[in-house]
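As provided, work-v4.cif (mmCIF, C-alpha atoms) reads as follows.
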```
data_input
loop_
_atom_site.label_atom_id
_atom_site.label_comp_id
_atom_site.auth_asym_id
_atom_site.auth_seq_id
_atom_site.Cartn_x
_atom_site.Cartn_y
_atom_site.Cartn_z
CA MET A 1 119.71 128.34 110.83
CA HIS A 2 119.63 126.24 107.68
CA PRO A 3 121.95 127.99 105.14
CA CYS A 4 119.18 127.85 102.54
CA LEU A 5 117.06 130.12 104.77
CA ASN A 6 119.74 132.75 105.19
CA ASN A 7 119.29 135.48 102.58
CA SER A 8 122.91 136.56 103.03
CA VAL A 9 124.23 133.20 101.86
CA LYS A 10 124.67 132.51 98.17
CA THR A 11 122.17 129.75 97.34
CA TYR A 12 121.45 127.43 94.46
CA PRO A 13 118.10 127.26 92.64
CA SER A 14 117.01 124.26 94.73
CA CYS A 15 117.60 126.32 97.90
CA TYR A 16 115.63 129.21 96.44
CA ALA A 17 112.78 126.80 95.75
CA LEU A 18 113.01 125.58 99.34
CA ARG A 19 112.67 129.11 100.76
CA LYS A 20 109.77 129.79 98.41
CA GLN A 21 108.05 126.60 99.54
CA ILE A 22 108.47 127.46 103.22
CA LYS A 23 107.13 130.98 102.61
CA PHE A 24 104.10 129.36 100.99
CA MET A 25 103.64 127.06 103.98
CA ARG A 26 103.70 129.99 106.37
CA ALA A 27 100.98 131.73 104.40
CA GLU A 28 98.78 128.67 103.98
CA THR A 29 98.82 127.29 107.51
CA HIS A 30 98.33 130.64 109.34
CA VAL A 31 99.93 129.09 112.41
CA MET A 32 103.35 128.99 114.00
CA TRP A 33 105.04 126.84 111.36
CA PRO A 34 108.20 125.94 113.39
CA ARG A 35 106.04 124.13 115.95
CA LEU A 36 104.19 122.24 113.24
CA VAL A 37 107.46 121.22 111.60
CA ALA A 38 108.88 120.05 114.94
CA ASN A 39 105.76 118.01 115.69
CA LYS A 40 105.88 116.43 112.27
CA ILE A 41 109.53 115.49 112.62
CA LEU A 42 108.95 113.95 116.05
CA ARG A 43 105.93 112.05 114.79
CA LYS A 44 108.00 110.41 112.08
CA GLN A 45 110.37 109.08 114.73
CA MET A 46 107.71 107.32 116.76
CA GLY A 47 107.97 103.61 117.55
CA SER A 48 108.65 101.00 114.92
CA ASN A 49 105.33 99.34 115.83
CA ASN A 50 103.40 102.42 114.76
CA PHE A 51 101.59 100.80 111.84
CA VAL A 52 98.26 99.12 111.22
CA ALA A 53 97.43 95.55 110.25
CA ASP A 54 94.79 92.84 110.37
CA PHE A 55 96.45 91.30 113.43
CA PRO A 56 97.64 92.76 116.73
CA SER A 57 101.43 92.93 116.92
CA ASN A 58 101.79 90.04 119.37
CA ASP A 59 99.80 87.69 117.12
CA VAL A 60 102.25 88.16 114.27
CA SER A 61 105.55 88.81 116.03
CA GLU A 62 105.17 85.82 118.34
CA GLY A 63 103.50 83.58 115.78
CA LEU A 64 101.22 80.68 116.62
CA VAL A 65 102.37 77.86 118.88
CA LEU A 66 100.61 74.67 117.94
CA GLU A 67 101.47 71.06 118.65
CA THR A 68 100.84 69.18 115.44
CA PRO A 69 102.25 65.87 114.27
CA SER A 70 104.95 66.30 111.67
CA ASP A 71 104.85 64.56 108.32
CA ASP A 72 108.42 63.43 109.10
CA GLN A 73 107.45 61.61 112.30
CA PRO A 74 106.32 57.97 112.53
CA SER A 75 102.59 57.57 113.05
CA SER A 76 103.20 55.26 116.01
CA ASN A 77 104.07 58.30 118.12
CA PRO A 78 101.25 60.80 117.53
CA THR A 79 101.86 62.68 120.79
CA SER A 80 105.39 63.63 119.80
CA THR A 81 105.76 67.24 118.61
CA VAL A 82 107.94 68.89 116.05
CA PHE A 83 110.17 70.23 118.84
CA ASN A 84 111.63 66.72 119.25
CA GLN A 85 113.03 66.73 115.75
CA GLN A 86 116.71 67.24 115.02
CA LYS A 87 117.37 70.82 113.94
CA ASP A 88 118.64 71.50 110.45
CA THR A 89 117.54 73.76 107.62
CA SER A 90 116.14 73.39 104.13
CA THR A 91 114.83 75.99 101.70
CA HIS A 92 111.50 76.81 100.16
CA LYS A 93 110.64 79.24 97.37
CA TYR A 94 107.79 81.74 97.52
CA LYS A 95 106.40 84.03 94.84
CA VAL A 96 106.56 87.72 95.71
CA PHE A 97 104.58 90.39 93.84
CA VAL A 98 105.90 93.96 94.12
CA SER A 99 104.18 97.04 92.73
CA THR A 100 104.96 100.76 92.75
CA TRP A 101 102.61 103.50 91.60
CA ASN A 102 102.59 107.28 91.89
CA ILE A 103 98.91 108.17 92.15
CA GLY A 104 99.41 111.89 91.62
CA GLY A 105 97.03 112.82 94.45
CA VAL A 106 94.03 111.29 92.64
CA GLU A 107 91.51 109.50 94.84
CA PRO A 108 90.42 106.08 93.49
CA GLN A 109 86.82 105.43 92.57
CA GLU A 110 84.86 103.04 94.79
CA ASP A 111 84.35 100.62 91.90
CA MET A 112 87.98 100.62 90.75
CA ASN A 113 89.11 97.11 89.82
CA MET A 114 92.63 96.35 91.07
CA GLU A 115 92.49 92.82 89.63
CA ASP A 116 93.74 94.09 86.28
CA LEU A 117 96.92 95.33 87.98
CA ILE A 118 97.65 92.29 90.17
CA ASP A 119 98.93 88.77 89.47
CA THR A 120 96.85 86.68 91.87
CA SER A 121 99.12 83.61 91.89
CA CYS A 122 101.67 84.88 94.44
CA ASP A 123 102.27 84.26 98.14
CA ILE A 124 103.40 87.72 99.26
CA TYR A 125 102.25 91.11 97.95
CA VAL A 126 103.98 94.43 98.52
CA PHE A 127 102.28 97.59 97.26
CA GLY A 128 104.13 100.89 97.31
CA PHE A 129 102.20 104.07 96.48
CA GLN A 130 103.38 107.65 96.20
CA GLU A 131 101.28 110.81 96.34
CA ILE A 132 98.13 109.12 97.61
CA VAL A 133 97.32 112.68 98.69
CA PRO A 134 98.35 115.95 97.02
CA LEU A 135 101.70 117.18 98.38
CA LYS A 136 100.40 120.53 99.61
CA ALA A 137 101.47 122.13 102.88
CA SER A 138 98.43 121.04 104.89
CA ASN A 139 99.11 117.38 104.02
CA VAL A 140 102.86 117.62 104.56
CA LEU A 141 102.50 119.26 107.97
CA GLY A 142 99.16 117.85 109.11
CA SER A 143 97.99 114.39 110.12
CA GLU A 144 97.89 111.58 107.59
CA ASN A 145 94.59 111.08 105.78
CA SER A 146 93.74 107.57 106.91
CA LYS A 147 90.55 107.46 104.81
CA ILE A 148 92.56 107.34 101.58
CA CYS A 149 94.82 104.68 103.05
CA MET A 150 91.78 102.61 104.04
CA LYS A 151 90.29 102.97 100.59
CA TRP A 152 93.40 101.62 98.85
CA ASN A 153 93.66 98.74 101.29
CA SER A 154 90.01 97.85 100.79
CA LEU A 155 90.53 97.76 97.02
CA ILE A 156 93.57 95.50 97.47
CA ARG A 157 91.68 93.18 99.81
CA GLU A 158 88.79 92.94 97.36
CA ALA A 159 91.11 92.03 94.48
CA LEU A 160 93.26 89.48 96.36
CA ASN A 161 90.35 87.66 98.00
CA LYS A 162 87.79 87.76 95.21
CA ASN A 163 88.35 84.16 94.09
CA ARG A 164 87.84 82.84 97.62
CA ARG A 165 84.13 83.66 97.47
CA ASN A 166 83.66 81.03 94.79
CA ASN A 167 86.11 78.48 96.17
CA ILE A 168 86.71 78.30 99.92
CA LYS A 169 89.88 76.27 99.35
CA ASP A 170 91.55 79.26 97.71
CA PRO A 171 93.92 80.97 100.17
CA HIS A 172 92.88 84.11 101.99
CA PHE A 173 95.23 87.10 102.19
CA TYR A 174 95.78 89.27 105.24
CA CYS A 175 97.51 92.61 105.68
CA ILE A 176 100.47 92.31 108.06
CA ILE A 177 101.77 95.89 107.65
CA SER A 178 100.26 99.10 106.30
CA LYS A 179 102.09 102.36 106.89
CA GLN A 180 101.61 105.88 105.54
CA MET A 181 103.93 108.88 105.62
CA VAL A 182 102.30 111.90 103.94
CA GLY A 183 101.82 110.63 100.36
CA ILE A 184 103.84 107.42 100.65
CA LEU A 185 101.91 104.26 101.51
CA VAL A 186 103.29 100.74 101.76
CA SER A 187 100.97 97.77 102.26
CA VAL A 188 102.14 94.15 102.72
CA TRP A 189 99.81 91.17 102.31
CA ILE A 190 100.51 87.50 103.10
CA ARG A 191 98.77 84.29 102.17
CA SER A 192 96.86 83.02 105.23
CA ASN A 193 98.84 79.82 105.74
CA LEU A 194 102.10 81.79 105.89
CA CYS A 195 100.93 84.18 108.61
CA PRO A 196 102.04 81.88 111.47
CA PHE A 197 105.60 82.00 110.16
CA ILE A 198 105.85 85.81 110.04
CA ARG A 199 107.94 87.30 112.86
CA ASN A 200 108.90 90.80 114.00
CA PRO A 201 107.16 93.09 111.51
CA SER A 202 108.40 96.64 111.86
CA VAL A 203 108.53 99.99 110.03
CA SER A 204 110.97 102.88 109.72
CA CYS A 205 110.18 106.24 108.09
CA VAL A 206 112.73 108.71 106.73
CA GLY A 207 111.73 112.17 105.53
CA CYS A 208 113.99 113.70 102.87
CA GLY A 209 111.73 116.49 101.67
CA ILE A 210 111.44 120.11 102.79
CA MET A 211 114.40 121.09 105.00
CA GLY A 212 115.77 117.59 104.42
CA CYS A 213 113.44 116.02 106.96
CA LEU A 214 109.76 116.37 106.06
CA GLY A 215 107.81 113.55 104.47
CA ASN A 216 106.81 114.99 101.11
CA LYS A 217 109.82 113.00 99.89
CA GLY A 218 111.58 110.10 101.56
CA SER A 219 110.87 106.46 102.35
CA VAL A 220 108.75 104.06 104.34
CA SER A 221 110.65 100.84 104.94
CA VAL A 222 109.10 97.65 106.28
CA ARG A 223 110.76 94.52 107.52
CA PHE A 224 109.73 91.08 108.74
CA ARG A 225 111.13 87.59 109.03
CA LEU A 226 109.55 84.69 107.16
CA HIS A 227 110.73 81.42 108.67
CA GLU A 228 114.51 81.95 109.04
CA THR A 229 114.95 84.62 106.35
CA SER A 230 114.69 88.39 106.83
CA PHE A 231 113.02 90.68 104.27
CA CYS A 232 113.14 94.45 103.86
CA PHE A 233 111.06 96.48 101.39
CA VAL A 234 111.85 100.16 100.91
CA SER A 235 109.07 102.24 99.35
CA THR A 236 110.43 105.60 98.22
CA HIS A 237 109.67 108.93 96.61
CA LEU A 238 112.89 110.75 95.72
CA ALA A 239 113.68 114.35 94.78
CA SER A 240 112.11 115.55 91.54
CA GLY A 241 113.62 117.81 88.91
CA SER A 242 114.92 117.48 85.37
CA ARG A 243 117.75 120.00 85.50
CA GLU A 244 121.33 118.86 85.03
CA GLY A 245 122.68 117.66 88.36
CA ASP A 246 119.31 116.86 89.92
CA GLU A 247 120.21 113.18 89.80
CA LYS A 248 122.77 113.91 92.53
CA LEU A 249 119.94 115.03 94.81
CA ARG A 250 118.29 111.67 94.25
CA ASN A 251 121.57 109.90 95.01
CA SER A 252 121.78 111.92 98.22
CA ASN A 253 118.21 110.91 99.15
CA ILE A 254 119.14 107.23 98.74
CA SER A 255 122.24 107.68 100.91
CA ASP A 256 120.11 109.35 103.59
CA ILE A 257 117.54 106.56 103.47
CA LEU A 258 120.18 103.84 103.79
CA SER A 259 121.96 105.58 106.66
CA ARG A 260 118.95 106.92 108.60
CA THR A 261 116.59 103.93 108.36
CA SER A 262 116.82 101.91 111.56
CA PHE A 263 114.84 98.95 112.89
CA PRO A 264 114.76 97.39 116.38
CA ARG A 265 116.91 94.28 116.83
CA GLY A 266 113.95 92.15 117.92
CA PRO A 267 113.39 90.32 121.23
CA LEU A 268 116.31 87.93 120.58
CA LEU A 269 118.57 90.72 119.24
CA ASP A 270 119.03 88.69 116.06
CA LEU A 271 117.54 91.04 113.45
CA PRO A 272 119.50 93.73 111.58
CA ARG A 273 119.02 97.44 112.21
CA LYS A 274 120.12 98.60 108.77
CA ILE A 275 118.60 97.95 105.33
CA LEU A 276 121.75 96.52 103.75
CA ASP A 277 122.06 93.82 106.42
CA TYR A 278 118.79 92.07 105.50
CA ASP A 279 118.78 88.81 103.54
CA ARG A 280 116.39 89.97 100.80
CA VAL A 281 115.96 93.68 100.04
CA ILE A 282 113.72 95.30 97.41
CA PHE A 283 113.81 99.05 96.70
CA LEU A 284 110.73 100.38 94.92
CA GLY A 285 109.10 103.69 94.16
CA ASP A 286 109.07 106.87 92.17
CA LEU A 287 112.84 107.26 92.06
CA ASN A 288 112.43 110.23 89.71
CA TYR A 289 115.56 109.58 87.63
CA ARG A 290 115.22 111.11 84.16
CA ILE A 291 116.79 110.73 80.71
CA SER A 292 119.88 112.89 80.11
CA LEU A 293 119.06 113.96 76.57
CA PRO A 294 117.56 117.11 75.07
CA GLU A 295 113.78 117.05 75.39
CA ALA A 296 113.17 117.00 71.63
CA THR A 297 115.56 114.06 71.19
CA THR A 298 113.90 112.16 74.03
CA ARG A 299 110.41 112.66 72.61
CA SER A 300 111.53 111.63 69.14
CA LEU A 301 113.14 108.41 70.42
CA VAL A 302 110.07 107.63 72.53
CA GLU A 303 107.85 108.03 69.48
CA MET A 304 110.07 105.54 67.62
CA ARG A 305 110.07 103.22 70.69
CA GLU A 306 113.87 103.20 70.74
CA TRP A 307 114.05 101.99 74.34
CA ASN A 308 117.65 100.72 74.20
CA THR A 309 118.96 104.03 72.89
CA LEU A 310 117.06 105.95 75.56
CA LEU A 311 118.19 103.63 78.35
CA LYS A 312 121.84 104.33 77.56
CA HIS A 313 121.08 107.83 78.84
CA ASP A 314 118.83 106.80 81.72
CA GLN A 315 120.19 108.49 84.83
CA LEU A 316 119.57 105.57 87.20
CA MET A 317 121.31 103.09 84.94
CA MET A 318 124.26 105.46 84.49
CA GLU A 319 124.53 106.10 88.24
CA LEU A 320 124.36 102.35 88.99
CA LYS A 321 126.96 101.56 86.34
CA GLU A 322 129.35 104.22 87.64
CA GLY A 323 128.89 103.04 91.23
CA GLN A 324 127.50 106.41 92.32
CA VAL A 325 124.50 104.83 94.04
CA LEU A 326 123.29 101.36 95.15
CA GLU A 327 126.44 99.63 93.96
CA GLY A 328 125.89 95.91 93.42
CA TRP A 329 122.09 96.15 93.20
CA ASN A 330 120.11 94.61 90.34
CA GLU A 331 117.33 95.69 88.02
CA GLY A 332 115.50 93.58 85.46
CA ALA A 333 115.51 94.40 81.76
CA VAL A 334 113.39 97.50 81.09
CA GLU A 335 111.34 96.54 78.03
CA PHE A 336 108.36 98.83 78.54
CA ALA A 337 107.62 102.45 77.61
CA PRO A 338 108.54 105.31 79.98
CA THR A 339 106.04 105.51 82.83
CA TYR A 340 105.96 109.32 83.23
CA LYS A 341 104.46 111.84 82.47
CA TYR A 342 101.01 111.33 80.88
CA CYS A 343 98.10 113.67 80.31
CA PRO A 344 95.16 112.83 82.61
CA ASN A 345 93.07 109.85 81.43
CA SER A 346 95.17 109.59 78.29
CA ASP A 347 97.89 107.59 76.55
CA VAL A 348 99.48 110.84 75.37
CA TYR A 349 102.64 112.06 77.07
CA TYR A 350 102.42 115.47 78.73
CA GLY A 351 103.49 118.26 76.41
CA CYS A 352 102.88 116.23 73.25
CA SER A 353 99.33 117.36 72.54
CA PRO A 354 99.36 119.55 69.40
CA GLY A 355 98.32 123.16 69.96
CA LYS A 356 98.29 122.78 73.73
CA LYS A 357 100.72 124.99 75.66
CA VAL A 358 102.04 123.86 79.04
CA GLU A 359 104.40 125.60 81.45
CA LYS A 360 106.61 122.57 82.14
CA LYS A 361 106.68 119.98 79.40
CA ARG A 362 108.48 117.28 81.44
CA ALA A 363 109.95 114.86 78.91
CA PRO A 364 109.01 111.16 79.26
CA ALA A 365 111.12 109.13 81.70
CA TRP A 366 111.29 105.84 83.57
CA CYS A 367 110.72 107.42 86.98
CA ASP A 368 109.08 104.35 88.54
CA ARG A 369 111.48 101.49 89.26
CA ILE A 370 112.02 98.30 91.25
CA ILE A 371 115.56 97.18 92.13
CA TRP A 372 116.85 94.56 94.54
CA ARG A 373 119.77 92.85 96.27
CA GLY A 374 120.19 89.43 97.86
CA GLU A 375 121.33 86.12 96.39
CA GLY A 376 118.03 84.37 97.11
CA LEU A 377 115.94 86.61 94.84
CA LYS A 378 115.19 85.89 91.20
CA GLN A 379 113.07 88.21 89.08
CA HIS A 380 110.69 86.67 86.53
CA VAL A 381 108.47 89.59 85.53
CA TYR A 382 109.17 93.31 85.19
CA ASN A 383 106.52 95.33 83.42
CA ARG A 384 104.11 98.24 83.67
CA GLY A 385 100.35 98.42 84.07
CA GLU A 386 98.12 100.54 81.88
CA SER A 387 95.79 102.27 84.31
CA LYS A 388 95.17 105.92 83.33
CA LEU A 389 94.26 107.06 86.84
CA SER A 390 97.33 109.28 87.23
CA ASP A 391 100.15 110.84 85.23
CA HIS A 392 102.32 107.79 86.09
CA ARG A 393 101.85 104.18 85.04
CA PRO A 394 102.23 101.50 87.73
CA VAL A 395 105.26 99.19 87.57
CA ASN A 396 105.13 95.56 88.74
CA ALA A 397 107.65 92.81 89.36
CA ILE A 398 107.35 89.16 90.35
CA PHE A 399 110.17 87.38 92.17
CA THR A 400 110.81 83.99 93.61
CA ALA A 401 112.38 84.35 97.04
CA GLU A 402 114.36 81.52 98.55
CA VAL A 403 113.59 81.15 102.26
CA ARG A 404 115.45 79.11 104.83
CA LEU A 405 113.10 76.72 106.59
CA SER A 406 114.19 75.23 109.89
CA ARG A 407 113.48 71.52 110.21
CA THR A 408 112.01 72.33 113.61
CA LEU A 409 109.25 74.23 111.80
CA ARG A 410 108.76 71.89 108.86
CA GLY A 411 105.99 70.00 110.63
CA TYR A 412 104.18 73.31 111.14
CA HIS A 413 104.83 74.24 107.55
CA SER A 414 103.19 71.03 106.31
CA PHE A 415 100.22 71.61 108.59
CA PHE A 416 99.62 75.22 107.55
CA LEU A 417 99.80 74.28 103.87
CA SER A 418 97.28 71.48 104.36
CA ASP A 419 93.53 71.29 103.78
CA ARG A 420 93.14 70.82 107.52
CA PHE A 421 94.42 74.33 108.21
CA GLU A 422 92.30 75.79 105.40
CA ARG A 423 89.20 74.26 107.00
CA ILE A 424 90.14 75.79 110.36
CA SER A 425 91.12 79.20 108.97
CA SER A 426 87.92 79.45 106.94
CA GLN A 427 86.15 80.16 110.24
CA PHE A 428 88.02 83.49 110.35
CA GLN A 429 86.99 86.10 107.86
CA ILE A 430 87.53 89.78 107.24
CA SER A 431 84.93 91.46 105.11
CA SER A 432 86.08 93.76 102.33
CA THR A 433 83.66 96.35 103.70
CA ASP A 434 85.11 96.29 107.23
CA ASN A 435 86.73 99.56 108.24
CA PHE A 436 89.99 97.96 109.23
CA LEU A 437 93.19 99.98 109.29
CA CYS A 438 91.49 102.80 111.15
CA LYS A 439 91.94 101.73 114.76
CA GLY A 440 95.69 101.35 114.95
CA ARG A 441 96.93 97.84 115.63
CA SER A 442 93.56 96.42 116.71
CA THR A 443 92.42 93.22 115.08
CA SER A 444 89.50 93.02 112.68
CA LEU A 445 89.04 89.26 112.83
CA LYS A 446 85.52 87.95 113.21
CA LEU A 447 84.85 84.54 114.65
#
```
Translate the structure described by the file into structure tokens.
Amino acid sequence: MHPCLNNSVKTYPSCYALRKQIKFMRAETHVMWPRLVANKILRKQMGSNNFVADFPSNDVSEGLVLETPSDDQPSSNPTSTVFNQQKDTSTHKYKVFVSTWNIGGVEPQEDMNMEDLIDTSCDIYVFGFQEIVPLKASNVLGSENSKICMKWNSLIREALNKNRRNNIKDPHFYCIISKQMVGILVSVWIRSNLCPFIRNPSVSCVGCGIMGCLGNKGSVSVRFRLHETSFCFVSTHLASGSREGDEKLRNSNISDILSRTSFPRGPLLDLPRKILDYDRVIFLGDLNYRISLPEATTRSLVEMREWNTLLKHDQLMMELKEGQVLEGWNEGAVEFAPTYKYCPNSDVYYGCSPGKKVEKKRAPAWCDRIIWRGEGLKQHVYNRGESKLSDHRPVNAIFTAEVRLSRTLRGYHSFFLSDRFERISSQFQISSTDNFLCKGRSTSLKL
């Protein structure tokens, strides 16, 4: 028996909250809760290919095999292929847009415009959402609500591909991975002429929530290889709480995620299993770290926009500096206001409205963060969006990622970046109204 469930064992407040939550789950579900918990745990450990995308797994993991003349080859030998070239490597830089947003269980409106929250000049887009559904027992223990997932992906598709309607030469974007675990959703989109160079997409889910294993908190990690470089994106929702010492729970969540996340090695056994072994790694999400100051002091400094003073007491920065968590990782300069917690549809922080009493005031904090590791990553933008949909503000970052490009593939690379490929690929189209991402890994391409 978990010690937190044993009434004879002295427990801490967090353990008391755990027992209270489980008691609530028993009452709400009216079923045999141990079986539900077991099923949920087992479901989270299903295959690494258990995600949805625009393409079947073999189309992406095996890539496209085309014989095209290379720009490096003499025109007198048009039948020669890129496989006859001498192997060496060069590098290419791609722009990567990363966004994290805790939705607070609010369903988006059909006419919501994601364009205002997205920089449309990038090559790769990674969206991490938290609480796309309310974190109540029926959602934690039951099946994922794929309708909400589909709605967010449709909004992303609409925003990324809007310009293509007016100019067919503009690149199209396809979803290569979309994975949900309870309230956490990660969705990865790639410019069309890069899709042939994506290999071995995979996912790994880690639940760190109730009983240390359910998905109300935890991570959904995705990985893939672009050309000769491996990428891993870890979308997280860590333990909440503003009491002294709660930051250690968040540190423990991160340790669990790093140790328990595991990917398959790939068909050639040349891909890493663990997060820290990937070439480029980005950690994003509602990390829930708070500001270690009295609430009144925090609110006063926020009102004066004294970000530097507040950041000296930011728990994540202190833990990073002291080497307590994610040692050697990087974060860009935080030059924006705290992203949590706002009153609904308002620019007013929760608990600041005069004459309005609230049970938990929850002082403002930079809960939503994006951090990274890997020598080939350079951050250019780190800011927040201003949507008032939830009690959190979204946080965005733009990177350039250096990618190793094998000379063997450079002829392909030139072809897929050419007008010729755009003319061919324009025959394939996915409508923003198509109900993709609802049939597992099946393709939604229309010829």
For Ser346 in chain A, which of A:Leu389, A:Ala333, A:Ile124, A:Leu185 is the closest residue, counting all atoms listed in the file? A:Leu389
Using the chain letters and numbering of this document, enumerate as a ChimeraX atom specification the residues selected by the PyMOL selection byres ((chain A and resi 170-177) around 7). /A:51-55,160-161,163-164,167-169,178-179,187-192
Just to confirm, what's the straight-line distance from CA of Cys205 in chain A to CA of Met181 in chain A in Å (one decimal)?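 These atoms are spaced 7.2 Å apart.
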Running the PyMOL selection byres ((chain A and resi 134) around 10) on this model by hand, what would come out? Give it as a PyMOL selection string. chain A and resi 103-107+130-133+135-140+182-183+216
How many Å separate CA of Arg223 in chain A from CA of Val203 in chain A?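 Between CA of Arg223 in chain A and CA of Val203 in chain A the gap works out to 6.4 Å.
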Taking all atoms listed in the file into account, name the residue in A:Asp279, A:Glu331, A:Asp256, A:Asp246 that is nearest to Ala401 in chain A.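 Result for the nearest residue to Ala401 in chain A: A:Asp279.
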Pick out the residues sitting within 8 Å of Ser255 in chain A, and hand them over as a CSV table (one decimal) with C-alpha atoms, in the coordinates of the input; count only C-alpha atoms, and ignore anything fewer than 4 positions along from it in its own chain.
```csv
chain,number,residue,atom,x,y,z
A,251,ASN,CA,121.6,109.9,95.0
A,259,SER,CA,122.0,105.6,106.7
A,325,VAL,CA,124.5,104.8,94.0
```
Provide the CA of Asp286 in chain A to CA of Ile198 in chain A distance in Å, to one decimal place.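 Value for the CA of Asp286 in chain A-CA of Ile198 in chain A distance: 27.8 Å.
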Using only C-alpha atoms, can you tell me which of A:Gly374, A:Pro338, A:Gly328, A:Gly351 comes closest to Val281 in chain A?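 Smallest distance to Val281 in chain A is found for A:Gly374.
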Convert the output of the PyMOL selection byres ((chain A and resi 200) around 7) on the shown file into explicit residues, formatted as a VMD selection string. chain A and resid 61 199 201 to 202 224 to 225 266
Skipping near chain neighbours, those fewer than 3 positions away, what residues fall within 10 Å of Gly128 in chain A using all atoms listed in the file, listed as number ranges by chain? A: 98-102, 125, 178-180, 184-188, 220, 233-237, 283-286, 394-395
Nearest-residue call for Arg305 in chain A, choices A:Ile371, A:Ala397, A:Val381, A:Ala337, using only C-alpha atoms: A:Ala337
Complete the atom set of range 171-176 of chain A to all heavy atoms and return it as a PDB file, in the frame of the given file.
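Saved to result-v8.pdb:
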```pdb
ATOM      1  N   PRO A 171      93.350  80.321  98.983  1.00  0.00           N
ATOM      2  CA  PRO A 171      93.920  80.970 100.170  1.00  0.00           C
ATOM      3  C   PRO A 171      93.361  82.373 100.374  1.00  0.00           C
ATOM      4  O   PRO A 171      93.011  83.061  99.418  1.00  0.00           O
ATOM      5  CB  PRO A 171      95.413  81.019  99.868  1.00  0.00           C
ATOM      6  CG  PRO A 171      95.506  80.972  98.386  1.00  0.00           C
ATOM      7  CD  PRO A 171      94.356  80.118  97.932  1.00  0.00           C
ATOM      8  N   HIS A 172      93.283  82.757 101.640  1.00  0.00           N
ATOM      9  CA  HIS A 172      92.880  84.110 101.990  1.00  0.00           C
ATOM     10  C   HIS A 172      94.151  84.931 102.208  1.00  0.00           C
ATOM     11  O   HIS A 172      95.191  84.393 102.574  1.00  0.00           O
ATOM     12  CB  HIS A 172      92.042  84.097 103.271  1.00  0.00           C
ATOM     13  CG  HIS A 172      91.168  85.285 103.423  1.00  0.00           C
ATOM     14  ND1 HIS A 172      89.903  85.340 102.899  1.00  0.00           N
ATOM     15  CD2 HIS A 172      91.369  86.487 104.029  1.00  0.00           C
ATOM     16  CE1 HIS A 172      89.357  86.514 103.188  1.00  0.00           C
ATOM     17  NE2 HIS A 172      90.232  87.223 103.875  1.00  0.00           N
ATOM     18  N   PHE A 173      94.081  86.239 101.982  1.00  0.00           N
ATOM     19  CA  PHE A 173      95.230  87.100 102.190  1.00  0.00           C
ATOM     20  C   PHE A 173      94.931  88.123 103.279  1.00  0.00           C
ATOM     21  O   PHE A 173      93.839  88.687 103.324  1.00  0.00           O
ATOM     22  CB  PHE A 173      95.608  87.820 100.890  1.00  0.00           C
ATOM     23  CG  PHE A 173      96.232  86.912  99.870  1.00  0.00           C
ATOM     24  CD1 PHE A 173      95.445  86.224  98.958  1.00  0.00           C
ATOM     25  CD2 PHE A 173      97.603  86.721  99.839  1.00  0.00           C
ATOM     26  CE1 PHE A 173      96.010  85.373  98.033  1.00  0.00           C
ATOM     27  CE2 PHE A 173      98.183  85.870  98.910  1.00  0.00           C
ATOM     28  CZ  PHE A 173      97.386  85.192  98.006  1.00  0.00           C
ATOM     29  N   TYR A 174      95.914  88.326 104.142  1.00  0.00           N
ATOM     30  CA  TYR A 174      95.780  89.270 105.240  1.00  0.00           C
ATOM     31  C   TYR A 174      96.870  90.331 105.155  1.00  0.00           C
ATOM     32  O   TYR A 174      97.985  90.066 104.705  1.00  0.00           O
ATOM     33  CB  TYR A 174      95.898  88.550 106.588  1.00  0.00           C
ATOM     34  CG  TYR A 174      94.773  87.600 106.865  1.00  0.00           C
ATOM     35  CD1 TYR A 174      94.978  86.214 106.860  1.00  0.00           C
ATOM     36  CD2 TYR A 174      93.487  88.070 107.142  1.00  0.00           C
ATOM     37  CE1 TYR A 174      93.940  85.334 107.115  1.00  0.00           C
ATOM     38  CE2 TYR A 174      92.446  87.199 107.399  1.00  0.00           C
ATOM     39  CZ  TYR A 174      92.677  85.829 107.379  1.00  0.00           C
ATOM     40  OH  TYR A 174      91.647  84.967 107.637  1.00  0.00           O
ATOM     41  N   CYS A 175      96.538  91.512 105.625  1.00  0.00           N
ATOM     42  CA  CYS A 175      97.510  92.610 105.680  1.00  0.00           C
ATOM     43  C   CYS A 175      98.311  92.491 106.972  1.00  0.00           C
ATOM     44  O   CYS A 175      97.739  92.498 108.067  1.00  0.00           O
ATOM     45  CB  CYS A 175      96.794  93.949 105.614  1.00  0.00           C
ATOM     46  SG  CYS A 175      97.904  95.367 105.674  1.00  0.00           S
ATOM     47  N   ILE A 176      99.632  92.388 106.856  1.00  0.00           N
ATOM     48  CA  ILE A 176     100.470  92.310 108.060  1.00  0.00           C
ATOM     49  C   ILE A 176     101.118  93.648 108.388  1.00  0.00           C
ATOM     50  O   ILE A 176     101.534  93.859 109.524  1.00  0.00           O
ATOM     51  CB  ILE A 176     101.552  91.215 107.940  1.00  0.00           C
ATOM     52  CG1 ILE A 176     102.519  91.516 106.794  1.00  0.00           C
ATOM     53  CG2 ILE A 176     100.918  89.841 107.786  1.00  0.00           C
ATOM     54  CD1 ILE A 176     103.805  90.716 106.869  1.00  0.00           C
TER      55      ILE A 176
END
```
